[in-house]
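Asker: One structure, as structure tokens, below. Some questions next.
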Amino acid sequence: METTLIILKPDAVQRGFIGRIISRFEDKGLQIVGCKLMQISSELAATHYAAHKERPFYPGLVKFMTSSPVLVMAVRGMDAIAISRKMMGATFGSKADPGTIRGDFGVSNSFNLIHGSDSPEAAEKELGLFFGAGEVLEMDRAIEGWVYDMSAGTPE
Ligand code: IDP
Ligand code: MG
């Protein structure tokens, strides 16, 4: 099982898409194991997006991400990282396929609604940045055996 960091960016929160976007993850069978509304500080935005520091869009990105509260989620499931990235769609709203979150809810290339970790290493690091001890929970789901085929003992 993988756990990934999802951020519903300020545009998603302001536009009232929290419920609809969370529903997509729940509908897919992924499990929400951490969730909170928070205001990202400039320091946290800088650390989170350090890889983009030299890019021309970086100052605008930090300004955007700190402009209004975000909803951060820890999302768990088999292949949760790749599945979430597919559900998000391509980076630019103008290019993202219909059926994806970015493709269905936006047209902007910078206000693109959602962040998702892009690798297991990034997920571990980013979950540590946004969640404190005890904020990502271990919890059994009663429906687990219907979300996954558990007949061989492991999720399939
Ligand atoms: P990702 O969010 O799909 O992983 P990245 O390339 O990691 O995309 O970029 C991080 C974020 O920076 C994007 O989600 C978007 O908000 C912003 N961004 C990326 N490229 C551009 C650009 O060319 N113009 C404006 N904003 C951009
Ligand atoms: Mg990225």
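Please note that chains go A, B, ... in the order of the structure tokens, that every chain numbers its residues from 1, and that ligands are numbered from 1 in the order shown.
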Return as a PDB file with N, CA, C and O atoms, in the first residue's frame the residues of protein, DNA or RNA that approach ligand 2 to within 8 Å, with only C-alpha atoms and all ligand atoms taken into account.

Answerer:
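Result written to result-v2.pdb:
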ATOM      1  N   HIS A 115      -2.448  19.227  -6.265  1.00  0.00           N
ATOM      2  CA  HIS A 115      -1.078  18.678  -6.283  1.00  0.00           C
ATOM      3  C   HIS A 115      -1.139  17.226  -5.858  1.00  0.00           C
ATOM      4  O   HIS A 115      -1.919  16.872  -4.970  1.00  0.00           O
ATOM      5  N   GLY A 116      -0.308  16.396  -6.452  1.00  0.00           N
ATOM      6  CA  GLY A 116      -0.136  15.012  -5.999  1.00  0.00           C
ATOM      7  C   GLY A 116       1.325  14.630  -6.097  1.00  0.00           C
ATOM      8  O   GLY A 116       1.992  14.980  -7.084  1.00  0.00           O
ATOM      9  N   SER A 117       1.840  13.950  -5.088  1.00  0.00           N
ATOM     10  CA  SER A 117       3.243  13.512  -5.102  1.00  0.00           C
ATOM     11  C   SER A 117       3.508  12.685  -6.361  1.00  0.00           C
ATOM     12  O   SER A 117       2.635  11.950  -6.825  1.00  0.00           O
ATOM     13  N   ASP A 118       4.737  12.798  -6.894  1.00  0.00           N
ATOM     14  CA  ASP A 118       5.016  12.116  -8.166  1.00  0.00           C
ATOM     15  C   ASP A 118       5.884  10.863  -8.040  1.00  0.00           C
ATOM     16  O   ASP A 118       6.216  10.238  -9.052  1.00  0.00           O
TER      17      ASP A 118
END

Asker: To check your reading of the model: which residues sit at most 8 Å from ligand 1 when counting only C-alpha atoms and all ligand atoms? Write the answer as a PyMOL selection string.

Answerer: chain A and resi 49+52+56-58+60-61+85+89-92+109-118

Asker: Which polymer residues have any atom within 12 Å of an atom of Ala46 in chain A, counting only C-alpha atoms, with same-chain residues fewer than 6 positions away left out, as number ranges by chain?

Answerer: A: 40, 52-54, 58-66, 129

Asker: Assign secondary structure with DSSP using the backbone only, and return the residues of range 29-123 of chain A in strand (DSSP E) as a VMD selection string.

Answerer: chain A and resid 31 to 38 70 to 77 114 to 116

Asker: Take the residues from that selection and write them out as an mmCIF file, in the first residue's frame, keeping C-alpha atoms.

Answerer:
data_model
loop_
_atom_site.group_PDB
_atom_site.id
_atom_site.type_symbol
_atom_site.label_atom_id
_atom_site.label_comp_id
_atom_site.auth_asym_id
_atom_site.auth_seq_id
_atom_site.Cartn_x
_atom_site.Cartn_y
_atom_site.Cartn_z
ATOM 1 C CA GLN A 31 -8.753 5.755 1.408
ATOM 2 C CA ILE A 32 -8.435 9.195 3.029
ATOM 3 C CA VAL A 33 -6.104 8.629 5.997
ATOM 4 C CA GLY A 34 -5.302 12.271 6.784
ATOM 5 C CA CYS A 35 -7.076 15.540 5.990
ATOM 6 C CA LYS A 36 -6.862 19.145 7.107
ATOM 7 C CA LEU A 37 -7.507 22.693 5.972
ATOM 8 C CA MET A 38 -4.435 24.885 6.384
ATOM 9 C CA VAL A 70 -5.597 24.676 0.977
ATOM 10 C CA LEU A 71 -6.909 21.244 1.924
ATOM 11 C CA VAL A 72 -4.188 18.652 2.373
ATOM 12 C CA MET A 73 -4.934 14.944 2.285
ATOM 13 C CA ALA A 74 -3.022 11.729 2.827
ATOM 14 C CA VAL A 75 -4.491 9.224 0.376
ATOM 15 C CA ARG A 76 -3.779 5.508 0.637
ATOM 16 C CA GLY A 77 -4.187 2.549 -1.694
ATOM 17 C CA ILE A 114 -4.523 19.976 -7.226
ATOM 18 C CA HIS A 115 -1.078 18.678 -6.283
ATOM 19 C CA GLY A 116 -0.136 15.012 -5.999
#

Asker: Kindly indicate which residue among A:Ser108, A:Gln14, A:Thr4, A:Ser119 lies nearest to Lys95 in chain A, using only C-alpha atoms for the distances.

Answerer: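 Residue with the minimum atom-to-atom distance to Lys95 in chain A: A:Ser108.
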